[in-house]
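Okay, data.cif now, which holds mmCIF, C-alpha atoms and all ligand atoms:
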```cif
data_work
#
loop_
_atom_site.label_atom_id
_atom_site.label_comp_id
_atom_site.auth_asym_id
_atom_site.auth_seq_id
_atom_site.Cartn_x
_atom_site.Cartn_y
_atom_site.Cartn_z
CA MET N 444 -24.45 25.31 -26.76
CA ILE N 445 -24.71 22.02 -28.62
CA LEU N 446 -28.06 21.25 -30.21
CA PHE N 447 -29.26 17.66 -30.55
CA LYS N 448 -32.38 16.51 -32.36
CA GLN N 449 -31.73 12.77 -32.43
CA ILE N 450 -32.00 10.62 -29.33
CA THR N 451 -29.04 8.38 -30.14
CA ASP N 452 -26.76 11.39 -30.65
CA ILE N 453 -27.54 13.02 -27.31
CA GLN N 454 -27.37 9.64 -25.57
CA HIS N 455 -23.87 8.96 -26.89
CA TYR N 456 -22.72 12.42 -25.90
CA ILE N 457 -24.11 12.16 -22.36
CA GLU N 458 -22.74 8.64 -21.87
CA LYS N 459 -19.30 10.09 -22.65
CA LEU N 460 -19.83 12.88 -20.09
CA HIS N 461 -20.79 10.33 -17.44
CA ARG N 462 -17.73 8.21 -18.26
CA GLU N 463 -15.61 11.34 -17.70
CA GLY N 464 -17.20 11.65 -14.25
CA LYS N 465 -19.25 14.76 -15.07
CA THR N 466 -22.59 15.37 -13.34
CA VAL N 467 -25.55 16.25 -15.52
CA GLY N 468 -28.41 18.63 -14.64
CA PHE N 469 -31.61 18.64 -16.65
CA VAL N 470 -34.30 21.27 -17.20
CA PRO N 471 -37.22 19.90 -19.26
CA THR N 472 -39.39 22.58 -20.88
CA MET N 473 -42.03 23.12 -23.51
CA GLY N 474 -40.28 26.27 -24.74
CA ALA N 475 -41.74 29.80 -24.66
CA LEU N 476 -38.99 30.38 -22.14
CA HIS N 477 -38.97 33.12 -19.50
CA ASN N 478 -36.93 33.99 -16.43
CA GLY N 479 -38.56 31.17 -14.46
CA HIS N 480 -36.94 28.65 -16.81
CA ILE N 481 -33.68 30.58 -16.80
CA SER N 482 -33.60 30.47 -12.98
CA LEU N 483 -33.74 26.65 -13.30
CA ILE N 484 -30.84 26.74 -15.79
CA ASP N 485 -28.88 28.94 -13.34
CA LEU N 486 -29.58 26.53 -10.49
CA SER N 487 -28.51 23.57 -12.60
CA LYS N 488 -25.30 25.33 -13.60
CA LYS N 489 -24.50 26.01 -9.93
CA ASN N 490 -25.15 22.41 -8.90
CA THR N 491 -23.94 20.23 -11.78
CA ASP N 492 -21.11 20.16 -14.36
CA VAL N 493 -23.21 20.07 -17.52
CA THR N 494 -26.68 21.55 -18.02
CA VAL N 495 -29.11 20.05 -20.52
CA CYS N 496 -32.39 21.74 -21.45
CA SER N 497 -35.08 20.13 -23.57
CA ILE N 498 -37.75 21.92 -25.57
CA PHE N 499 -40.63 19.68 -26.58
CA VAL N 500 -44.29 20.70 -26.65
CA ASN N 501 -45.65 17.36 -25.56
CA PRO N 502 -49.00 16.62 -27.26
CA THR N 503 -49.93 13.84 -24.85
CA GLN N 504 -50.28 16.13 -21.82
CA PHE N 505 -52.84 18.47 -23.39
CA ASN N 506 -56.31 17.27 -22.53
CA ASP N 507 -57.68 20.20 -24.56
CA PRO N 508 -56.46 20.14 -28.21
CA LYS N 509 -57.17 23.89 -28.52
CA ASP N 510 -54.76 24.55 -25.67
CA PHE N 511 -52.09 22.54 -27.53
CA GLU N 512 -52.66 24.48 -30.76
CA LYS N 513 -52.43 27.80 -28.94
CA TYR N 514 -49.34 26.93 -26.92
CA PRO N 515 -46.81 29.70 -27.71
CA VAL N 516 -43.80 28.68 -29.82
CA THR N 517 -40.85 31.11 -29.68
CA ILE N 518 -37.94 28.85 -30.59
CA ASP N 519 -35.48 31.50 -31.89
CA ASN N 520 -35.85 33.57 -28.76
CA ASP N 521 -35.63 30.43 -26.60
CA ILE N 522 -32.31 29.47 -28.17
CA LEU N 523 -30.99 32.99 -27.60
CA LEU N 524 -32.02 32.95 -23.92
CA LEU N 525 -30.50 29.51 -23.37
CA GLU N 526 -27.22 30.57 -25.01
CA GLN N 527 -27.09 33.72 -22.89
CA ALA N 528 -27.69 31.67 -19.75
CA GLY N 529 -24.77 29.39 -20.60
CA THR N 530 -26.77 26.21 -21.25
CA ASP N 531 -24.45 23.45 -22.47
CA ILE N 532 -26.87 21.25 -24.40
CA LEU N 533 -30.29 21.75 -25.96
CA PHE N 534 -32.35 18.70 -26.87
CA LEU N 535 -34.99 19.58 -29.45
CA PRO N 536 -36.69 16.39 -30.62
CA SER N 537 -39.63 16.03 -32.99
CA VAL N 538 -42.85 14.25 -32.04
CA LYS N 539 -41.79 11.31 -34.24
CA GLU N 540 -38.44 11.09 -32.49
CA MET N 541 -40.07 11.06 -29.06
CA TYR N 542 -42.96 8.75 -29.93
CA PRO N 543 -41.81 6.55 -32.84
CA GLY N 544 -44.37 3.86 -32.03
CA GLY N 545 -47.27 6.31 -31.60
CA MET N 546 -48.45 8.38 -28.67
CA GLU N 547 -50.63 5.75 -26.99
CA LEU N 548 -49.51 5.14 -23.41
CA GLN N 549 -48.89 1.39 -23.04
CA LYS N 550 -49.40 1.15 -19.28
CA PRO N 551 -50.80 3.93 -17.09
CA TYR N 552 -48.70 5.16 -14.19
CA ASP N 553 -50.14 4.36 -10.79
CA LEU N 554 -49.95 7.86 -9.38
CA GLY N 555 -52.58 7.35 -6.69
CA PHE N 556 -54.44 10.15 -4.92
CA VAL N 557 -52.32 13.03 -6.25
CA GLU N 558 -53.69 12.43 -9.74
CA THR N 559 -57.32 12.55 -8.64
CA VAL N 560 -57.47 16.11 -7.28
CA LEU N 561 -57.09 19.70 -8.53
CA GLU N 562 -55.20 19.68 -11.88
CA GLY N 563 -55.76 15.92 -12.06
CA ALA N 564 -59.52 16.37 -11.72
CA TYR N 565 -59.78 19.34 -14.11
CA ARG N 566 -57.35 18.02 -16.73
CA PRO N 567 -58.00 14.28 -17.00
CA GLY N 568 -55.03 12.40 -18.42
CA HIS N 569 -52.73 15.42 -18.11
CA PHE N 570 -50.39 13.91 -15.53
CA GLN N 571 -50.23 10.57 -17.39
CA GLY N 572 -48.97 12.54 -20.41
CA VAL N 573 -46.50 14.47 -18.26
CA CYS N 574 -45.17 11.21 -16.79
CA GLN N 575 -44.99 9.60 -20.22
CA VAL N 576 -42.78 12.37 -21.61
CA VAL N 577 -40.69 13.00 -18.48
CA HIS N 578 -40.05 9.25 -18.08
CA ARG N 579 -38.85 9.10 -21.69
CA LEU N 580 -36.71 12.24 -21.30
CA LEU N 581 -35.12 10.92 -18.09
CA ASP N 582 -34.33 7.64 -19.85
CA ILE N 583 -32.62 9.58 -22.64
CA VAL N 584 -30.77 12.24 -20.63
CA LYS N 585 -30.09 10.16 -17.49
CA PRO N 586 -29.50 13.30 -15.41
CA ASP N 587 -28.09 13.27 -11.89
CA LYS N 588 -30.40 16.16 -11.02
CA LEU N 589 -33.72 17.25 -12.46
CA PHE N 590 -34.76 20.89 -11.92
CA MET N 591 -38.43 21.87 -11.85
CA GLY N 592 -40.34 24.93 -10.65
CA GLN N 593 -42.64 25.08 -7.63
CA LYS N 594 -45.07 27.03 -9.82
CA ASP N 595 -46.28 23.59 -10.98
CA TYR N 596 -46.58 22.29 -7.43
CA GLN N 597 -48.72 19.27 -8.22
CA GLN N 598 -46.57 18.38 -11.23
CA CYS N 599 -43.53 18.31 -8.93
CA MET N 600 -45.37 15.88 -6.62
CA VAL N 601 -46.29 13.72 -9.61
CA ILE N 602 -42.68 13.63 -10.85
CA LYS N 603 -41.48 12.72 -7.35
CA LYS N 604 -43.91 9.80 -7.49
CA LEU N 605 -42.76 8.86 -11.02
CA ILE N 606 -39.15 8.70 -9.81
CA GLU N 607 -40.25 6.47 -6.89
CA LEU N 608 -42.32 4.20 -9.17
CA THR N 609 -39.61 3.75 -11.80
CA GLY N 610 -36.59 3.65 -9.49
CA ILE N 611 -34.84 6.15 -11.79
CA LYS N 612 -31.65 7.42 -10.15
CA THR N 613 -32.27 11.14 -10.50
CA THR N 614 -32.71 13.66 -7.69
CA LEU N 615 -35.57 16.12 -8.13
CA VAL N 616 -34.70 19.69 -7.15
CA ILE N 617 -37.68 22.03 -6.78
CA ALA N 618 -36.92 25.72 -7.28
CA PRO N 619 -39.04 28.63 -5.99
CA THR N 620 -41.62 30.27 -8.25
CA GLN N 621 -40.29 33.33 -10.09
CA ARG N 622 -42.64 36.32 -10.12
CA GLU N 623 -43.01 39.69 -11.80
CA PRO N 624 -42.09 42.50 -9.35
CA GLU N 625 -45.81 42.96 -8.47
CA GLY N 626 -46.29 39.23 -7.86
CA LEU N 627 -47.69 37.59 -11.01
CA ALA N 628 -46.09 34.15 -11.34
CA LEU N 629 -44.01 33.84 -14.50
CA SER N 630 -45.61 31.45 -16.98
CA SER N 631 -45.38 30.84 -20.73
CA ARG N 632 -49.14 31.38 -20.80
CA ASN N 633 -48.70 35.02 -19.68
CA MET N 634 -47.61 35.76 -23.27
CA ARG N 635 -51.26 35.31 -24.24
CA LEU N 636 -52.47 37.99 -21.77
CA SER N 637 -52.99 41.62 -22.73
CA THR N 638 -51.36 44.32 -20.57
CA ASP N 639 -54.70 44.91 -18.79
CA GLU N 640 -55.29 41.21 -18.26
CA LYS N 641 -51.79 40.83 -16.80
CA GLU N 642 -52.58 43.54 -14.27
CA GLU N 643 -55.93 41.96 -13.38
CA ALA N 644 -54.26 38.55 -13.08
CA LEU N 645 -52.38 39.91 -10.06
CA ALA N 646 -55.55 39.11 -8.11
CA ILE N 647 -54.35 35.49 -7.92
CA TYR N 648 -51.21 36.50 -6.05
CA GLN N 649 -53.21 38.86 -3.82
CA THR N 650 -55.65 36.11 -2.97
CA LEU N 651 -52.84 33.67 -2.13
CA LYS N 652 -51.28 36.28 0.16
CA HIS N 653 -54.63 36.87 1.83
CA ILE N 654 -54.93 33.15 2.51
CA LYS N 655 -51.38 33.02 3.88
CA ASN N 656 -52.13 35.92 6.24
CA ASN N 657 -55.33 34.37 7.56
CA PHE N 658 -55.11 30.58 7.39
CA THR N 659 -54.31 30.04 11.07
CA THR N 660 -57.43 31.88 12.23
CA THR N 661 -60.10 31.39 9.55
CA SER N 662 -61.73 28.18 8.31
CA PHE N 663 -60.23 27.02 5.01
CA THR N 664 -63.70 26.67 3.45
CA ASN N 665 -64.46 30.32 4.22
CA LEU N 666 -61.08 31.46 2.91
CA ALA N 667 -61.52 29.53 -0.33
CA ALA N 668 -65.06 30.87 -0.81
CA PHE N 669 -63.89 34.44 -0.18
CA ALA N 670 -61.00 33.99 -2.63
CA THR N 671 -63.24 32.53 -5.36
CA ASP N 672 -65.63 35.44 -4.97
CA PHE N 673 -62.75 37.92 -5.10
CA LEU N 674 -61.38 36.39 -8.32
CA HIS N 675 -64.79 36.54 -9.98
CA LYS N 676 -65.11 40.19 -8.94
CA GLU N 677 -61.64 40.86 -10.40
CA GLY N 678 -62.87 39.64 -13.79
CA PHE N 679 -61.82 35.99 -13.83
CA SER N 680 -64.33 34.29 -16.11
CA ARG N 681 -63.97 30.88 -14.48
CA VAL N 682 -62.35 29.70 -11.26
CA ASP N 683 -61.57 25.99 -11.40
CA TYR N 684 -60.44 25.84 -7.80
CA VAL N 685 -59.06 27.65 -4.82
CA ALA N 686 -57.80 24.95 -2.49
CA ILE N 687 -55.99 24.85 0.80
CA ALA N 688 -54.46 21.43 1.19
CA ASP N 689 -51.95 19.35 3.08
CA ALA N 690 -48.63 20.32 1.45
CA GLU N 691 -47.30 16.75 1.57
CA THR N 692 -50.32 14.91 0.13
CA LEU N 693 -52.70 17.56 -1.30
CA ALA N 694 -55.47 16.07 0.83
CA PRO N 695 -58.14 18.75 1.41
CA THR N 696 -58.40 19.97 4.99
CA ASP N 697 -60.54 22.54 6.72
CA ASN N 698 -58.72 23.72 9.80
CA TYR N 699 -55.21 24.64 10.68
CA MET N 700 -53.15 22.24 12.78
CA PRO N 701 -49.80 23.64 13.93
CA ASP N 702 -47.79 20.47 13.19
CA LYS N 703 -48.93 20.26 9.54
CA LYS N 704 -47.64 22.01 6.43
CA TYR N 705 -50.17 23.63 4.08
CA VAL N 706 -50.25 24.92 0.53
CA ALA N 707 -52.84 27.12 -1.18
CA LEU N 708 -53.43 26.47 -4.89
CA VAL N 709 -55.44 28.34 -7.50
CA ALA N 710 -56.49 27.67 -11.10
CA ALA N 711 -58.56 30.31 -12.88
CA PHE N 712 -59.24 31.67 -16.35
CA LYS N 713 -58.31 35.20 -17.37
CA GLY N 714 -60.14 35.44 -20.67
CA GLU N 715 -59.22 32.23 -22.48
CA VAL N 716 -55.99 31.73 -20.60
CA ARG N 717 -55.92 29.26 -17.73
CA LEU N 718 -53.51 30.36 -15.01
CA ILE N 719 -52.29 28.38 -12.02
CA ASP N 720 -50.34 29.47 -8.99
CA ASN N 721 -49.69 28.34 -5.42
CA MET N 722 -48.11 29.41 -2.16
CA LEU N 723 -46.69 27.44 0.73
CA LEU N 724 -48.42 28.77 3.82
CA ASN N 725 -46.05 27.70 6.63
O1 LIG N 801 -43.80 21.90 -17.03
C1 LIG N 801 -43.64 21.69 -18.25
O2 LIG N 801 -43.22 22.56 -19.00
C2 LIG N 801 -43.98 20.33 -18.82
O3 LIG N 801 -45.07 19.78 -18.16
C3 LIG N 801 -42.79 19.35 -18.84
C4 LIG N 801 -42.32 19.02 -17.45
C5 LIG N 801 -41.65 19.95 -19.65
C6 LIG N 801 -43.22 18.05 -19.52
O4 LIG N 801 -43.65 18.25 -20.83
#
```
Take the structure in the file and write it out as structure tokens.
Ligand code: PAF
Amino acid sequence: MILFKQITDIQHYIEKLHREGKTVGFVPTMGALHNGHISLIDLSKKNTDVTVCSIFVNPTQFNDPKDFEKYPVTIDNDILLLEQAGTDILFLPSVKEMYPGGMELQKPYDLGFVETVLEGAYRPGHFQGVCQVVHRLLDIVKPDKLFMGQKDYQQCMVIKKLIELTGIKTTLVIAPTQREPEGLALSSRNMRLSTDEKEEALAIYQTLKHIKNNFTTTSFTNLAAFATDFLHKEGFSRVDYVAIADAETLAPTDNYMPDKKYVALVAAFKGEVRLIDNMLLN
């Protein structure tokens, strides 16, 4: 695996690959890697000639500075996992390298409705920061394919919109959420959970399954209320949302219509750790 820290170096290298007719797959990450990330590397390796991974804990997407400070950093282990997975290139820039002119966003991205709901509503500015860094990374890496996990469902929608807005010639590939055998969605934040908390956090998966089993026959409002109650009973200190929404737009809806696709999404706190998960319902 070749490690680059400077933008110009990786750019020159990737330009050469493109000139040789090689296709490039890209997996952007913030490190603290787990099997969910590695499944994206595997998918990229299957679908492109050269796989690039980036590790950059992007300060501009943390609306809560405490969350940024506590974000797990496990760089040695990350490098080991990426090597084992056969990653070709790791891009590991510094904050200065990524934002030489400062972190201020010059012009906000016009993301529309998708930025106003759920994560957008609870983490103001988060998706602007995500777009800022992903736009910059796509400009640097110029990948043919970008691989992201369905675990961050709304983020995937936002990146789809970013690609539309900017006209960047990269195809977004969304890979299924990877879970622990019992169902807990893999997340870097799980590292901050105790063994007991991890077990209790399973309630999110159980609640999503309950919604999936009942959404054609029960009103969405009732299902969401039941789920919120269940999570509180299972020891979640705060439930930001349980939402059942149109899978294409994230517009809230209340009743099932057979010709529509739906997704259930949850954000809740286990202790101090904010967990998100989702499930496509049909
Ligand atoms: O999903 C993440 O890890 C981050 O939001 C991303 C896409 C790497 C941008 O910093």
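For the set N:Ser487, N:Gln598, N:Thr638, N:Ser537, the residue with the smallest atom-to-atom gap to Val573 of chain N is N:Gln598, counting all atoms listed in the file.
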List every protein, DNA or RNA residue that has an atom no more than 6 Å from (-61.0, 36.4, -0.1) in the file's coordinate frame, counting all atoms listed in the file, and report them as a PDB file with C-alpha atoms, keeping the file's coordinate frame.
```pdb
ATOM      1  CA  LEU N 666     -61.080  31.460   2.910  1.00  0.00           C
ATOM      2  CA  PHE N 669     -63.890  34.440  -0.180  1.00  0.00           C
ATOM      3  CA  ALA N 670     -61.000  33.990  -2.630  1.00  0.00           C
ATOM      4  CA  PHE N 673     -62.750  37.920  -5.100  1.00  0.00           C
TER       5      PHE N 673
END
```
Contact residues around Tyr565 of chain N with all atoms listed in the file at 10 Å, ignoring same-chain residues under 5 positions, as an MDAnalysis selection string:
chainID N and resid 506 559:560 683:684 710
May I have a table of the residues of chain N lying at most 7 Å from ligand LIG 801 (chain N), giving each one's closest pair of atoms and their distance in Å to one decimal, counting only C-alpha atoms and all ligand atoms, ordered by chain and ascending residue number, as a tab-separated table?
```
residue	atom	partner	partner_atom	distance
N:Pro471	CA	N:LIG801	C5	4.4
N:Thr472	CA	N:LIG801	C5	3.7
N:Met473	CA	N:LIG801	O2	4.7
N:Phe499	CA	N:LIG801	O4	6.7
N:Val500	CA	N:LIG801	O4	6.3
N:Asn501	CA	N:LIG801	O4	5.2
N:Val573	CA	N:LIG801	C6	5.0
N:Val576	CA	N:LIG801	O4	6.0
N:Val577	CA	N:LIG801	C6	5.7
N:Asp595	CA	N:LIG801	O1	6.8
```
Could you tell me which of N:Pro619, N:Arg632, N:Cys599, N:His578 comes closest to Glu691 of chain N if we count only C-alpha atoms?
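Smallest separation from Glu691 of chain N among the options: N:Cys599.
Distances to Arg681 of chain N were evaluated for N:Leu718, N:Phe505, N:Met591, N:Val493 using all atoms listed in the file, and the minimum falls at N:Leu718.
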Could the centre and edge lengths of an axis-aligned box, enclosing all atoms of segment 490-506 of chain N in the file with 4 Å extra on each side, be given in Å to one decimal as AutoDock Vina command-line options?
```
--center_x -38.7 --center_y 18.1 --center_z -18.1 --size_x 43.2 --size_y 16.6 --size_z 26.4
```
Counting all atoms listed in the file, the residue among N:Tyr596, N:Asp697, N:Leu636, N:Ile687 that lies closest to Val557 of chain N is N:Tyr596
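Here atom CA of Lys652 of chain N is placed at a distance of 7.9 Å from atom CA of Met722 of chain N.
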When you draw a straight line from atom CA of Leu608 of chain N to atom CA of Ser630 of chain N, how long is it in Å?
28.5 Å
So how far away is atom CA of Ile647 of chain N from atom CA of Asn520 of chain N, in Å?
27.9 Å
With a distance cut-off of 7 Å and all atoms listed in the file, select the neighbouring residues of Leu535 of chain N, excluding the residue or stretch itself and same-chain residues fewer than 2 positions from it, and output the selection as a list in words.
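The contact residues come out as Phe447, Lys448, Ser497, Ile498, Phe499, Leu533 and Ser537 of chain N.
For the residues N:Asp510, N:Ile481, N:Glu540, N:Ile453, ranking by smallest atom-to-atom distance to Arg566 of chain N using all atoms listed in the file places N:Asp510 first.
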Using all atoms listed in the file, which protein or nucleic acid residues come within 10 Å of segment 579-590 of chain N? Drop anything in the same chain fewer than 4 positions from it, and give the result as a PDB file with C-alpha atoms, in the coordinates of the input.
```
ATOM      1  CA  ILE N 450     -32.000  10.620 -29.330  1.00  0.00           C
ATOM      2  CA  THR N 451     -29.040   8.380 -30.140  1.00  0.00           C
ATOM      3  CA  ILE N 453     -27.540  13.020 -27.310  1.00  0.00           C
ATOM      4  CA  GLN N 454     -27.370   9.640 -25.570  1.00  0.00           C
ATOM      5  CA  HIS N 455     -23.870   8.960 -26.890  1.00  0.00           C
ATOM      6  CA  TYR N 456     -22.720  12.420 -25.900  1.00  0.00           C
ATOM      7  CA  ILE N 457     -24.110  12.160 -22.360  1.00  0.00           C
ATOM      8  CA  GLU N 458     -22.740   8.640 -21.870  1.00  0.00           C
ATOM      9  CA  HIS N 461     -20.790  10.330 -17.440  1.00  0.00           C
ATOM     10  CA  LYS N 465     -19.250  14.760 -15.070  1.00  0.00           C
ATOM     11  CA  THR N 466     -22.590  15.370 -13.340  1.00  0.00           C
ATOM     12  CA  VAL N 467     -25.550  16.250 -15.520  1.00  0.00           C
ATOM     13  CA  GLY N 468     -28.410  18.630 -14.640  1.00  0.00           C
ATOM     14  CA  PHE N 469     -31.610  18.640 -16.650  1.00  0.00           C
ATOM     15  CA  VAL N 470     -34.300  21.270 -17.200  1.00  0.00           C
ATOM     16  CA  PRO N 471     -37.220  19.900 -19.260  1.00  0.00           C
ATOM     17  CA  HIS N 480     -36.940  28.650 -16.810  1.00  0.00           C
ATOM     18  CA  SER N 482     -33.600  30.470 -12.980  1.00  0.00           C
ATOM     19  CA  LEU N 483     -33.740  26.650 -13.300  1.00  0.00           C
ATOM     20  CA  ILE N 484     -30.840  26.740 -15.790  1.00  0.00           C
ATOM     21  CA  LEU N 486     -29.580  26.530 -10.490  1.00  0.00           C
ATOM     22  CA  SER N 487     -28.510  23.570 -12.600  1.00  0.00           C
ATOM     23  CA  ASN N 490     -25.150  22.410  -8.900  1.00  0.00           C
ATOM     24  CA  THR N 491     -23.940  20.230 -11.780  1.00  0.00           C
ATOM     25  CA  VAL N 493     -23.210  20.070 -17.520  1.00  0.00           C
ATOM     26  CA  THR N 494     -26.680  21.550 -18.020  1.00  0.00           C
ATOM     27  CA  VAL N 495     -29.110  20.050 -20.520  1.00  0.00           C
ATOM     28  CA  CYS N 496     -32.390  21.740 -21.450  1.00  0.00           C
ATOM     29  CA  SER N 497     -35.080  20.130 -23.570  1.00  0.00           C
ATOM     30  CA  PHE N 499     -40.630  19.680 -26.580  1.00  0.00           C
ATOM     31  CA  PHE N 534     -32.350  18.700 -26.870  1.00  0.00           C
ATOM     32  CA  MET N 541     -40.070  11.060 -29.060  1.00  0.00           C
ATOM     33  CA  TYR N 542     -42.960   8.750 -29.930  1.00  0.00           C
ATOM     34  CA  VAL N 573     -46.500  14.470 -18.260  1.00  0.00           C
ATOM     35  CA  CYS N 574     -45.170  11.210 -16.790  1.00  0.00           C
ATOM     36  CA  GLN N 575     -44.990   9.600 -20.220  1.00  0.00           C
ATOM     37  CA  CYS N 599     -43.530  18.310  -8.930  1.00  0.00           C
ATOM     38  CA  ILE N 602     -42.680  13.630 -10.850  1.00  0.00           C
ATOM     39  CA  ILE N 606     -39.150   8.700  -9.810  1.00  0.00           C
ATOM     40  CA  ILE N 611     -34.840   6.150 -11.790  1.00  0.00           C
ATOM     41  CA  LYS N 612     -31.650   7.420 -10.150  1.00  0.00           C
ATOM     42  CA  THR N 613     -32.270  11.140 -10.500  1.00  0.00           C
ATOM     43  CA  THR N 614     -32.710  13.660  -7.690  1.00  0.00           C
ATOM     44  CA  LEU N 615     -35.570  16.120  -8.130  1.00  0.00           C
ATOM     45  CA  VAL N 616     -34.700  19.690  -7.150  1.00  0.00           C
ATOM     46  CA  ILE N 617     -37.680  22.030  -6.780  1.00  0.00           C
ATOM     47  CA  ALA N 618     -36.920  25.720  -7.280  1.00  0.00           C
TER      48      ALA N 618
END
```
Residues within 6 Å of Ile532 of chain N, please, as a PDB file with C-alpha atoms, in the coordinates of the input. Count only C-alpha atoms; anything in the same chain fewer than 6 positions from it doesn't count.
```
ATOM      1  CA  MET N 444     -24.450  25.310 -26.760  1.00  0.00           C
ATOM      2  CA  ILE N 445     -24.710  22.020 -28.620  1.00  0.00           C
ATOM      3  CA  LEU N 446     -28.060  21.250 -30.210  1.00  0.00           C
ATOM      4  CA  VAL N 495     -29.110  20.050 -20.520  1.00  0.00           C
TER       5      VAL N 495
END
```
Counting all atoms listed in the file, select every polymer residue within 12 Å of (-60.0, 19.8, 7.4) as defined in the file's coordinates, and provide the selection as a PyMOL selection string.
chain N and resi 658+661-665+686-689+693-700+703+705
Residue nearest Asp519 of chain N - candidates N:Gly474, N:Pro543, N:Gly563, N:Pro551, atoms counted: all atoms listed in the file:
N:Gly474
Filled-in N, CA and C atoms of segment 678-694 of chain N, supplied as a short mmCIF file (atom, residue, chain, number, x, y, z; two decimals), keeping the file's coordinate frame:
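Heads up, here's the output in part.cif:
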```cif
data_model
loop_
_atom_site.label_atom_id
_atom_site.label_comp_id
_atom_site.auth_asym_id
_atom_site.auth_seq_id
_atom_site.Cartn_x
_atom_site.Cartn_y
_atom_site.Cartn_z
N GLY N 678 -62.73 39.89 -12.35
CA GLY N 678 -62.87 39.64 -13.79
C GLY N 678 -62.38 38.29 -14.27
N PHE N 679 -62.15 37.35 -13.36
CA PHE N 679 -61.82 35.99 -13.83
C PHE N 679 -63.11 35.33 -14.31
N SER N 680 -63.08 34.80 -15.53
CA SER N 680 -64.33 34.29 -16.11
C SER N 680 -64.70 32.94 -15.50
N ARG N 681 -63.69 32.19 -15.07
CA ARG N 681 -63.97 30.88 -14.48
C ARG N 681 -62.88 30.59 -13.44
N VAL N 682 -63.33 30.10 -12.28
CA VAL N 682 -62.35 29.70 -11.26
C VAL N 682 -62.49 28.19 -11.12
N ASP N 683 -61.48 27.45 -11.52
CA ASP N 683 -61.57 25.99 -11.40
C ASP N 683 -61.47 25.57 -9.94
N TYR N 684 -60.52 26.12 -9.24
CA TYR N 684 -60.44 25.84 -7.80
C TYR N 684 -59.59 26.87 -7.08
N VAL N 685 -59.96 27.04 -5.81
CA VAL N 685 -59.06 27.65 -4.82
C VAL N 685 -59.03 26.61 -3.72
N ALA N 686 -57.86 26.04 -3.46
CA ALA N 686 -57.80 24.95 -2.49
C ALA N 686 -56.72 25.21 -1.47
N ILE N 687 -57.02 24.81 -0.24
CA ILE N 687 -55.99 24.85 0.80
C ILE N 687 -55.83 23.40 1.23
N ALA N 688 -54.64 22.87 1.04
CA ALA N 688 -54.46 21.43 1.19
C ALA N 688 -53.20 21.12 1.98
N ASP N 689 -53.14 19.87 2.43
CA ASP N 689 -51.95 19.35 3.08
C ASP N 689 -50.80 19.41 2.05
N ALA N 690 -49.71 20.10 2.42
CA ALA N 690 -48.63 20.32 1.45
C ALA N 690 -47.91 19.03 1.05
N GLU N 691 -48.01 18.00 1.87
CA GLU N 691 -47.30 16.75 1.57
C GLU N 691 -48.13 15.85 0.65
N THR N 692 -49.47 15.89 0.82
CA THR N 692 -50.32 14.91 0.13
C THR N 692 -51.35 15.55 -0.80
N LEU N 693 -51.63 16.81 -0.61
CA LEU N 693 -52.70 17.56 -1.30
C LEU N 693 -54.10 17.17 -0.83
N ALA N 694 -54.16 16.41 0.26
CA ALA N 694 -55.47 16.07 0.83
C ALA N 694 -56.15 17.37 1.29
#
```
